[in-house]
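With compact mmCIF, C-alpha atoms inside, this is model_39.txt:
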```txt
# COMPACT_ATOMS: atom_id res chain seq x y z
CA MET P 1 36.21 -0.70 -22.30
CA LYS P 2 33.30 1.64 -22.27
CA LYS P 3 33.34 4.53 -19.89
CA ILE P 4 30.70 4.27 -17.17
CA SER P 5 28.33 7.23 -17.25
CA LYS P 6 27.83 9.50 -14.24
CA SER P 7 24.17 8.53 -13.84
CA SER P 8 25.08 4.83 -13.75
CA THR P 9 27.67 5.49 -11.05
CA ILE P 10 25.09 7.32 -8.91
CA LEU P 11 22.59 4.53 -9.44
CA ILE P 12 25.07 1.88 -8.29
CA LEU P 13 26.04 4.01 -5.29
CA TYR P 14 22.43 4.41 -4.18
CA LEU P 15 21.83 0.68 -4.53
CA PHE P 16 24.80 0.00 -2.27
CA LEU P 17 23.44 2.59 0.22
CA PHE P 18 20.12 0.87 0.33
CA PHE P 19 21.42 -2.66 0.85
CA PHE P 20 24.10 -1.64 3.35
CA SER P 21 21.60 0.40 5.41
CA SER P 22 19.12 -2.50 5.42
CA ALA P 23 21.83 -4.91 6.57
CA ASN P 24 22.95 -2.48 9.25
CA LEU P 25 19.42 -2.10 10.67
CA TYR P 26 18.93 -5.85 10.71
CA ALA P 27 22.23 -6.37 12.54
CA GLN P 28 21.13 -3.90 15.23
CA GLY P 29 18.02 -5.94 15.90
CA LYS P 30 15.49 -3.39 14.59
CA LYS P 31 12.46 -4.70 12.82
CA LYS P 32 12.18 -3.37 9.30
CA THR P 33 10.24 -4.79 6.39
CA SER P 34 10.85 -3.76 2.79
CA PRO P 35 9.33 -5.02 -0.45
CA ASP P 36 11.32 -7.74 -2.18
CA THR P 37 12.95 -6.17 -5.25
CA THR P 38 14.90 -9.24 -6.41
CA GLY P 39 14.91 -9.39 -10.20
CA GLN P 40 13.20 -6.00 -10.53
CA LYS P 41 14.63 -3.05 -12.41
CA ILE P 42 15.19 0.27 -10.64
CA THR P 43 13.78 3.15 -12.62
CA GLU P 44 14.23 6.10 -10.26
CA ILE P 45 16.10 7.04 -7.07
CA LYS P 46 15.39 10.24 -5.10
CA ILE P 47 17.19 11.71 -2.11
CA GLY P 48 15.58 14.55 -0.21
CA ASP P 49 14.47 15.77 3.19
CA GLN P 50 12.02 12.89 3.47
CA GLY P 51 14.76 10.28 2.95
CA ILE P 52 15.78 7.95 0.13
CA THR P 53 13.07 6.72 -2.26
CA ILE P 54 13.75 3.90 -4.73
CA LYS P 55 11.14 3.28 -7.43
CA THR P 56 10.97 -0.02 -9.36
CA GLN P 57 9.74 -0.64 -12.89
CA GLU P 58 6.56 -2.19 -11.51
CA GLY P 59 5.72 1.02 -9.69
CA LYS P 60 6.71 -0.09 -6.17
CA GLU P 61 8.44 2.40 -3.89
CA ILE P 62 11.00 1.66 -1.20
CA LYS P 63 11.55 4.44 1.33
CA GLU P 64 14.42 4.86 3.76
CA LYS P 65 14.41 7.28 6.69
CA PRO P 66 16.33 10.56 6.26
CA GLY P 67 19.90 10.30 7.36
CA GLU P 68 23.52 11.08 6.68
CA VAL P 69 25.61 9.24 4.08
CA VAL P 70 29.29 8.71 4.96
CA VAL P 71 31.72 7.10 2.47
CA GLY P 72 35.06 6.04 3.96
CA LYS P 73 37.58 3.25 4.26
CA GLU P 74 35.11 1.12 6.21
CA GLY P 75 32.56 1.35 3.45
CA ILE P 76 29.27 3.19 3.10
CA LYS P 77 27.26 4.03 6.25
CA VAL P 78 23.78 5.50 6.61
CA THR P 79 23.00 7.11 9.97
CA THR P 80 19.62 8.50 10.98
CA THR P 81 19.32 12.22 11.54
CA VAL P 82 19.54 13.29 15.18
CA GLU P 83 17.33 16.22 16.16
CA LEU P 84 19.12 18.35 18.75
CA ASN P 85 17.21 20.50 21.24
CA GLU P 86 19.51 22.92 23.00
CA GLY P 87 18.66 24.20 26.46
CA ASP P 88 16.12 23.13 29.08
CA ILE P 89 12.52 22.03 28.50
CA VAL P 90 9.94 23.04 31.15
CA LYS P 91 6.19 22.46 30.81
CA PHE P 92 3.26 22.89 33.21
CA GLY P 93 0.24 20.56 33.04
CA LYS P 94 1.47 18.78 29.90
CA ASP P 95 3.43 15.64 29.06
CA ILE P 96 6.95 15.89 27.60
CA THR P 97 8.15 13.34 25.06
CA VAL P 98 11.71 12.95 23.77
CA GLU P 99 11.33 10.94 20.59
CA GLU P 100 13.73 8.27 19.40
CA GLY P 101 16.67 9.90 17.62
CA GLU P 102 16.09 13.19 19.49
CA LYS P 103 18.69 14.65 21.86
CA VAL P 104 18.07 17.27 24.57
CA SER P 105 21.22 19.04 25.74
CA GLY P 106 19.70 20.49 28.93
CA ASP P 107 17.33 19.44 31.72
CA ILE P 108 13.67 18.42 31.45
CA VAL P 109 11.11 19.49 34.07
CA ALA P 110 7.40 18.57 33.87
CA ILE P 111 5.06 20.03 36.51
CA GLY P 112 1.80 18.12 36.54
CA GLY P 113 2.80 15.91 33.62
CA ASP P 114 4.61 12.72 32.62
CA VAL P 115 7.99 12.52 30.85
CA HIS P 116 8.55 9.93 28.13
CA VAL P 117 12.22 9.45 27.18
CA LYS P 118 12.79 7.53 23.96
CA GLY P 119 15.87 9.48 22.87
CA THR P 120 18.77 11.02 24.80
CA VAL P 121 18.69 13.61 27.59
CA GLU P 122 22.08 14.97 28.59
CA GLY P 123 20.79 16.66 31.76
CA ASP P 124 18.44 15.77 34.62
CA VAL P 125 14.83 14.66 34.17
CA VAL P 126 12.34 15.79 36.84
CA SER P 127 8.58 15.21 37.00
CA ILE P 128 6.41 16.76 39.74
CA GLY P 129 3.00 15.12 39.97
CA GLY P 130 3.74 12.61 37.19
CA ASN P 131 5.80 9.62 36.14
CA ILE P 132 9.01 9.23 34.13
CA TYR P 133 9.00 6.53 31.45
CA VAL P 134 12.31 5.50 29.86
CA THR P 135 11.99 3.14 26.88
CA SER P 136 14.58 0.62 25.65
CA THR P 137 16.13 3.30 23.41
CA GLY P 138 16.06 6.05 26.05
CA VAL P 139 19.19 7.44 27.69
CA ILE P 140 19.35 9.87 30.63
CA GLU P 141 22.89 11.06 31.26
CA LYS P 142 22.20 12.40 34.77
CA ASP P 143 19.47 11.89 37.43
CA ALA P 144 15.82 10.90 36.98
CA THR P 145 13.56 12.14 39.81
CA SER P 146 9.78 11.86 40.10
CA VAL P 147 8.04 13.71 42.95
CA GLY P 148 4.54 12.33 43.35
CA GLY P 149 5.10 9.53 40.85
CA ASP P 150 7.56 6.83 39.83
CA VAL P 151 10.44 6.20 37.42
CA LYS P 152 9.70 3.26 35.11
CA LYS P 153 12.39 1.69 32.89
CA GLU P 154 12.11 -0.76 30.05
CA PRO P 155 14.83 -3.39 29.52
CA GLY P 156 17.75 -1.69 27.80
CA ALA P 157 16.97 1.79 29.15
CA VAL P 158 19.98 3.72 30.49
CA ILE P 159 19.94 6.11 33.46
CA LYS P 160 23.52 7.02 34.38
CA GLY P 161 22.67 9.09 37.46
CA GLN P 162 20.44 8.39 40.46
CA THR P 163 16.86 7.20 40.14
CA GLN P 164 14.35 8.52 42.68
CA GLY P 165 10.57 8.07 42.77
CA LEU P 166 8.83 9.88 45.65
CA GLY P 167 5.24 8.72 45.29
CA PHE P 168 3.62 10.37 48.31
CA LEU P 169 2.10 13.57 46.91
CA PRO P 170 -1.52 14.01 45.71
CA GLY P 171 -0.46 13.32 42.14
CA SER P 172 -0.01 9.59 42.65
CA PHE P 173 -2.24 9.21 45.71
CA PHE P 174 -5.36 10.49 44.00
CA GLY P 175 -4.58 9.12 40.55
CA PHE P 176 -3.75 12.48 39.02
CA HIS P 177 -3.41 12.49 35.24
CA PRO P 178 -2.28 15.70 33.55
CA GLY P 179 -4.15 15.09 30.31
CA ALA P 180 -7.40 16.35 31.86
CA PHE P 181 -5.74 18.92 34.16
CA TRP P 182 -7.04 22.01 32.39
CA ASN P 183 -10.52 20.54 31.75
CA ARG P 184 -10.91 19.97 35.48
CA GLY P 185 -9.53 23.45 36.13
CA ILE P 186 -12.35 24.84 34.00
CA GLY P 187 -14.79 23.05 36.34
CA PHE P 188 -13.26 24.81 39.34
CA ILE P 189 -13.49 28.19 37.59
CA PHE P 190 -17.14 27.48 36.70
CA THR P 191 -17.95 26.68 40.35
CA PHE P 192 -16.18 29.83 41.51
CA PHE P 193 -18.16 32.06 39.14
CA LYS P 194 -21.39 30.25 40.04
CA ILE P 195 -20.83 31.24 43.67
CA LEU P 196 -20.12 34.84 42.64
CA PHE P 197 -23.34 34.86 40.60
CA LEU P 198 -25.39 33.56 43.55
CA PHE P 199 -23.78 36.18 45.79
CA PHE P 200 -24.64 38.90 43.25
CA LEU P 201 -28.30 37.83 43.05
CA SER P 202 -28.57 37.54 46.85
CA ILE P 203 -27.08 41.00 47.40
CA ILE P 204 -29.56 42.51 44.92
CA ALA P 205 -32.45 40.74 46.64
CA LEU P 206 -31.32 41.96 50.07
CA ALA P 207 -30.95 45.50 48.80
CA LEU P 208 -34.35 45.62 47.02
CA VAL P 209 -36.63 43.62 49.33
CA PRO P 210 -35.01 43.33 52.75
CA GLY P 211 -38.42 43.02 54.43
CA ASN P 212 -39.38 39.97 52.33
CA ILE P 213 -36.09 38.24 53.11
CA GLN P 214 -36.56 38.98 56.82
CA LYS P 215 -40.03 37.32 56.80
CA ILE P 216 -38.71 34.24 55.00
CA LYS P 217 -35.78 34.11 57.42
CA ASP P 218 -38.12 34.29 60.41
CA GLU P 219 -40.34 31.53 58.99
CA VAL P 220 -37.37 29.23 58.36
CA SER P 221 -35.98 29.93 61.84
CA ARG P 222 -39.33 29.01 63.44
CA ASN P 223 -40.23 26.02 61.25
CA ALA P 224 -37.13 24.67 59.49
CA TRP P 225 -38.49 21.12 59.08
CA LYS P 226 -41.82 22.39 57.80
CA SER P 227 -40.05 24.65 55.30
CA ALA P 228 -37.91 21.71 54.16
CA LEU P 229 -40.97 19.49 53.64
CA ILE P 230 -42.93 22.15 51.75
CA GLY P 231 -39.88 22.93 49.63
CA PHE P 232 -39.36 19.25 48.76
CA LEU P 233 -43.05 18.79 47.85
CA GLY P 234 -42.90 21.99 45.82
CA GLU P 235 -39.96 20.68 43.82
CA ILE P 236 -41.78 17.42 43.11
CA LEU P 237 -45.00 19.16 42.04
CA ILE P 238 -43.36 21.68 39.69
CA LEU P 239 -43.53 19.43 36.63
CA PRO P 240 -47.11 18.09 37.22
CA VAL P 241 -48.42 21.61 37.85
CA PHE P 242 -46.67 22.87 34.72
CA ILE P 243 -48.23 20.10 32.58
CA LEU P 244 -51.65 20.64 34.18
CA LEU P 245 -51.53 24.35 33.39
CA LEU P 246 -50.56 23.64 29.77
CA ILE P 247 -53.66 21.50 29.30
CA THR P 248 -55.98 24.42 29.93
CA ILE P 249 -55.96 27.38 27.56
CA ILE P 250 -56.24 29.86 30.42
CA GLY P 251 -53.32 28.26 32.27
CA ILE P 252 -50.84 28.43 29.36
CA PRO P 253 -49.66 31.99 30.12
CA VAL P 254 -49.35 31.05 33.79
CA ALA P 255 -47.27 27.95 32.94
CA ILE P 256 -44.97 29.79 30.56
CA LEU P 257 -44.57 33.15 32.31
CA ILE P 258 -45.82 33.31 35.89
CA LEU P 259 -44.81 29.87 37.22
CA PRO P 260 -41.13 30.02 36.12
CA LEU P 261 -40.85 33.59 37.41
CA PHE P 262 -42.37 32.57 40.76
CA ILE P 263 -39.96 29.63 41.08
CA LEU P 264 -36.95 31.77 40.20
CA ILE P 265 -37.81 34.53 42.68
CA ALA P 266 -38.63 31.98 45.39
CA MET P 267 -35.29 30.22 44.88
CA ILE P 268 -33.29 33.46 45.04
CA LEU P 269 -35.11 34.88 48.08
CA GLY P 270 -35.05 31.53 49.89
CA TYR P 271 -31.34 30.94 49.20
CA ALA P 272 -30.45 34.45 50.38
CA SER P 273 -32.56 34.03 53.54
CA VAL P 274 -31.05 30.70 54.59
CA SER P 275 -27.52 31.92 53.77
CA LEU P 276 -28.17 34.96 55.96
CA ILE P 277 -29.21 32.64 58.81
CA VAL P 278 -25.99 30.64 58.38
CA GLY P 279 -23.93 33.85 58.39
CA GLU P 280 -25.60 35.04 61.58
CA LYS P 281 -24.95 31.67 63.28
CA LEU P 282 -21.27 31.88 62.35
CA LYS P 283 -21.16 35.45 63.62
CA GLN P 284 -22.56 34.36 66.98
CA ASN P 285 -20.44 31.23 67.48
CA THR P 286 -17.08 32.13 65.91
CA ASN P 287 -14.57 34.96 65.97
CA LEU P 288 -15.81 36.15 62.57
CA LYS P 289 -17.67 39.41 63.15
CA PRO P 290 -18.90 40.97 59.87
CA GLN P 291 -19.96 44.55 60.46
CA THR P 292 -22.82 44.78 57.94
CA GLN P 293 -25.71 42.56 56.92
CA MET P 294 -24.29 42.17 53.41
CA LEU P 295 -20.99 40.91 54.79
CA THR P 296 -22.94 38.50 56.98
CA LEU P 297 -24.76 37.27 53.87
CA ALA P 298 -21.44 36.86 52.03
CA LEU P 299 -20.05 34.84 54.97
CA GLY P 300 -23.13 32.58 54.91
CA ILE P 301 -22.91 31.97 51.15
CA LEU P 302 -19.21 31.14 51.44
CA ALA P 303 -19.96 28.65 54.23
CA VAL P 304 -22.79 27.04 52.21
CA GLU P 305 -20.73 26.70 49.03
CA PHE P 306 -17.35 25.96 50.59
CA MET P 307 -17.67 22.18 50.26
CA SER P 308 -18.64 22.40 46.58
CA LEU P 309 -15.75 24.77 45.88
CA PHE P 310 -13.30 22.53 47.74
CA ALA P 311 -14.57 19.45 45.86
CA SER P 312 -14.12 21.14 42.49
CA PHE P 313 -10.59 22.14 43.50
CA LEU P 314 -9.70 18.56 44.49
CA ARG P 315 -11.18 17.32 41.23
CA ILE P 316 -8.36 19.07 39.37
CA PHE P 317 -5.91 16.58 40.86
CA CYS P 318 -7.89 13.42 41.51
CA GLY P 319 -10.62 13.26 38.86
CA ILE P 320 -14.37 13.12 39.29
CA PHE P 321 -14.53 9.38 40.06
CA SER P 322 -11.82 9.29 42.72
CA PRO P 323 -13.41 8.12 46.04
CA LEU P 324 -12.21 11.06 48.14
CA CYS P 325 -13.22 13.67 45.55
CA LEU P 326 -16.55 11.95 45.01
CA ILE P 327 -17.35 12.09 48.73
CA PHE P 328 -16.64 15.83 48.93
CA ALA P 329 -18.59 16.48 45.72
CA ILE P 330 -21.66 14.64 47.08
CA LEU P 331 -21.44 16.48 50.40
CA GLY P 332 -21.17 19.83 48.63
CA PHE P 333 -24.17 19.05 46.40
CA MET P 334 -26.28 17.91 49.37
CA ILE P 335 -25.52 21.04 51.42
CA THR P 336 -26.43 23.36 48.55
CA TYR P 337 -29.55 21.32 47.74
CA VAL P 338 -30.77 21.41 51.37
CA VAL P 339 -30.27 25.18 51.55
CA PHE P 340 -32.20 25.75 48.32
CA THR P 341 -34.99 23.37 49.40
CA ILE P 342 -35.48 24.91 52.86
CA GLY P 343 -35.37 28.43 51.41
CA PHE P 344 -37.82 27.47 48.64
CA GLY P 345 -40.24 26.09 51.23
CA GLY P 346 -39.95 29.21 53.36
CA ALA P 347 -40.63 31.40 50.32
CA ILE P 348 -43.76 29.35 49.48
CA LEU P 349 -45.08 29.49 53.06
CA THR P 350 -44.69 33.26 53.17
CA LEU P 351 -45.77 33.85 49.53
CA LEU P 352 -42.36 35.26 48.58
CA GLY P 353 -42.05 37.08 51.89
CA THR P 354 -45.33 38.99 51.60
CA ARG P 355 -47.05 37.17 54.50
CA PRO P 356 -47.92 37.71 57.24
CA LYS P 357 -49.16 41.19 56.62
CA GLU P 358 -47.71 43.74 58.94
CA LYS P 359 -50.39 45.08 61.24
CA PRO P 360 -50.56 48.84 61.38
CA VAL P 361 -49.50 50.23 64.70
CA PRO P 362 -52.48 52.05 66.29
CA VAL P 363 -51.87 55.72 66.83
CA THR P 364 -53.04 56.92 70.24
CA PRO P 365 -54.20 60.53 70.26
CA ALA P 366 -52.11 62.80 72.38
CA SER P 367 -53.91 63.78 75.57
CA GLU P 368 -54.54 67.48 76.09
CA PRO P 369 -52.56 68.97 78.92
CA VAL P 370 -54.58 69.55 82.05
CA PRO P 371 -54.42 73.17 83.19
CA PRO P 372 -53.06 73.57 86.69
CA GLN P 373 -55.65 74.23 89.37
CA VAL P 374 -55.45 77.51 91.21
```

Step by step, read the file and then write its structure as structure tokens.
Amino acid sequence: MKKISKSSTILILYLFLFFFSSANLYAQGKKKTSPDTTGQKITEIKIGDQGITIKTQEGKEIKEKPGEVVVGKEGIKVTTTVELNEGDIVKFGKDITVEEGEKVSGDIVAIGGDVHVKGTVEGDVVSIGGNIYVTSTGVIEKDATSVGGDVKKEPGAVIKGQTQGLGFLPGSFFGFHPGAFWNRGIGFIFTFFKILFLFFLSIIALALVPGNIQKIKDEVSRNAWKSALIGFLGEILILPVFILLLITIIGIPVAILILPLFILIAMILGYASVSLIVGEKLKQNTNLKPQTQMLTLALGILAVEFMSLFASFLRIFCGIFSPLCLIFAILGFMITYVVFTIGFGGAILTLLGTRPKEKPVPVTPASEPVPPQV
């Protein structure tokens, strides 16, 4: 009897591994499809980090997932590799996923994100502002708690502790989804810096031309509806006037240089003037008592832009198309638009605060003292 070579023994062993592992997967009810190799010759077998690869003479490859090979009295077993994560997992604004075959030895906490459990979690699973999803292969050894969301289980999922879903916070009420959390946060930051920029421009205007702002403020206080109408008509006529000026050769410099500069200055001066009026009204009717005119202007700008800032903050949690957020966003836009329009009209009526001209105060000559009569 010929002695079987070492390579032949390894080849036979690997074939048994392949067929036993396939039968084992099928018995567990897992769907797995492999090419039919009946009657085909095996030319190469490789075992590595990527798993077991069997190559046939026809060039076909059969791949098995990486695992552990155990040879004992019960036969040959192939078990998939389990990835172990030691300690707790905590994430803010992101989803957490425990993949199938993965084991987490500690707790999982997601703030502003969902938790997907496909593997095993030996500790508690907590989601604040999100949901907990446990698939048919998922196992949670302790409690599953969702604050602002729900705990959803597939058939076959195992949760050995208590299951609690407290869906009353803004996360579930407004339809919060953490995937766009940071994108919406960027919108809030943009709105915040826009308000700071408007405040910076208004402060410069008040410091450089306080008299012009005072005249625009007086005009708006006297004729607010007239200023609003002129401002609205001015906004409508900007584009036709610009095109009309471009038609004429003489008007091209005016259309490109003077008109945009006039509009920009009018918008800044008008916005600062109306915001100053709002600040003064708040100073008169509330307990807020700013000591300087600049602080009064800052108070007015904050009041004008508060609704827009609040809407952009809510948008972080509820999304741009949520009804409540949409209402606040529209209100904020309308308030800012009305302030700009009224201020723009007042700036046009006063020619950027240069009209009416201040009349010189007549100087009366000092009368000569009358000498006392003797």

Extract, using all atoms listed in the file, all DNA, RNA and protein residues at most 12 Å from Ile132 in chain P, discarding same-chain residues fewer than 4 positions from it, and format them as a JSON list (two decimals) with C-alpha atoms, in the frame of the given file.
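Once everything was written out, this is result-v8.json:
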```json
[["chain", "number", "residue", "atom", "x", "y", "z"],
["P", 95, "ASP", "CA", 3.43, 15.64, 29.06],
["P", 96, "ILE", "CA", 6.95, 15.89, 27.60],
["P", 97, "THR", "CA", 8.15, 13.34, 25.06],
["P", 98, "VAL", "CA", 11.71, 12.95, 23.77],
["P", 108, "ILE", "CA", 13.67, 18.42, 31.45],
["P", 109, "VAL", "CA", 11.11, 19.49, 34.07],
["P", 110, "ALA", "CA", 7.40, 18.57, 33.87],
["P", 111, "ILE", "CA", 5.06, 20.03, 36.51],
["P", 112, "GLY", "CA", 1.80, 18.12, 36.54],
["P", 113, "GLY", "CA", 2.80, 15.91, 33.62],
["P", 114, "ASP", "CA", 4.61, 12.72, 32.62],
["P", 115, "VAL", "CA", 7.99, 12.52, 30.85],
["P", 116, "HIS", "CA", 8.55, 9.93, 28.13],
["P", 117, "VAL", "CA", 12.22, 9.45, 27.18],
["P", 118, "LYS", "CA", 12.79, 7.53, 23.96],
["P", 124, "ASP", "CA", 18.44, 15.77, 34.62],
["P", 125, "VAL", "CA", 14.83, 14.66, 34.17],
["P", 126, "VAL", "CA", 12.34, 15.79, 36.84],
["P", 127, "SER", "CA", 8.58, 15.21, 37.00],
["P", 128, "ILE", "CA", 6.41, 16.76, 39.74],
["P", 138, "GLY", "CA", 16.06, 6.05, 26.05],
["P", 140, "ILE", "CA", 19.35, 9.87, 30.63],
["P", 143, "ASP", "CA", 19.47, 11.89, 37.43],
["P", 144, "ALA", "CA", 15.82, 10.90, 36.98],
["P", 145, "THR", "CA", 13.56, 12.14, 39.81],
["P", 146, "SER", "CA", 9.78, 11.86, 40.10],
["P", 147, "VAL", "CA", 8.04, 13.71, 42.95],
["P", 148, "GLY", "CA", 4.54, 12.33, 43.35],
["P", 149, "GLY", "CA", 5.10, 9.53, 40.85],
["P", 150, "ASP", "CA", 7.56, 6.83, 39.83],
["P", 151, "VAL", "CA", 10.44, 6.20, 37.42],
["P", 152, "LYS", "CA", 9.70, 3.26, 35.11],
["P", 153, "LYS", "CA", 12.39, 1.69, 32.89],
["P", 154, "GLU", "CA", 12.11, -0.76, 30.05],
["P", 157, "ALA", "CA", 16.97, 1.79, 29.15],
["P", 159, "ILE", "CA", 19.94, 6.11, 33.46],
["P", 163, "THR", "CA", 16.86, 7.20, 40.14],
["P", 164, "GLN", "CA", 14.35, 8.52, 42.68],
["P", 165, "GLY", "CA", 10.57, 8.07, 42.77],
["P", 166, "LEU", "CA", 8.83, 9.88, 45.65],
["P", 167, "GLY", "CA", 5.24, 8.72, 45.29]]
```

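Counting only C-alpha atoms, the residue from P:Asn287, P:Thr137, P:Ser275, P:Ser227 that sits nearest to Thr350 in chain P is P:Ser227.
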
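Distance annotation: of P:Glu141, P:Leu331, P:Val209, P:Thr120, the residue with the minimal separation from Ile265 in chain P is P:Val209; atom set is all atoms listed in the file.
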
Please identify all polymer residues lying at most 12 Å from the point (-36.9, 43.0, 48.8) (file coordinates), using all atoms listed in the file, and present the result as a PyMOL selection string.
-> chain P and resi 201-216+265-266+268-270+272-273+352-354

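Going from CA of Ile277 in chain P to CA of Leu259 in chain P covers 26.8 Å.
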
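The space separating CA of Thr248 in chain P from CA of Ile230 in chain P comes to 25.5 Å.
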
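Residues of protein, DNA or RNA having at least one counted atom within 7 Å of (20.0, 19.1, 28.3), given only C-alpha atoms, are Glu86, Gly87, Asp88, Val104, Ser105, Gly106, Asp107, Val121, Glu122 and Gly123 of chain P.
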
What separation in Å, quoted to one decimal, exists between CA of Thr296 in chain P and CA of Cys325 in chain P?
-> 29.0 Å

Within 12 Å of Leu257 in chain P using only C-alpha atoms, minus same-chain residues under 6 positions, as an MDAnalysis selection string | chainID P and resid 242 245:246 251 263:264

Which residue out of P:Ile330, P:Leu229, P:Leu314, P:Leu198 has the minimum interatomic distance to Gly300 in chain P when all atoms listed in the file are used?
->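 The shortest atom-to-atom distance to Gly300 in chain P comes from P:Leu198.
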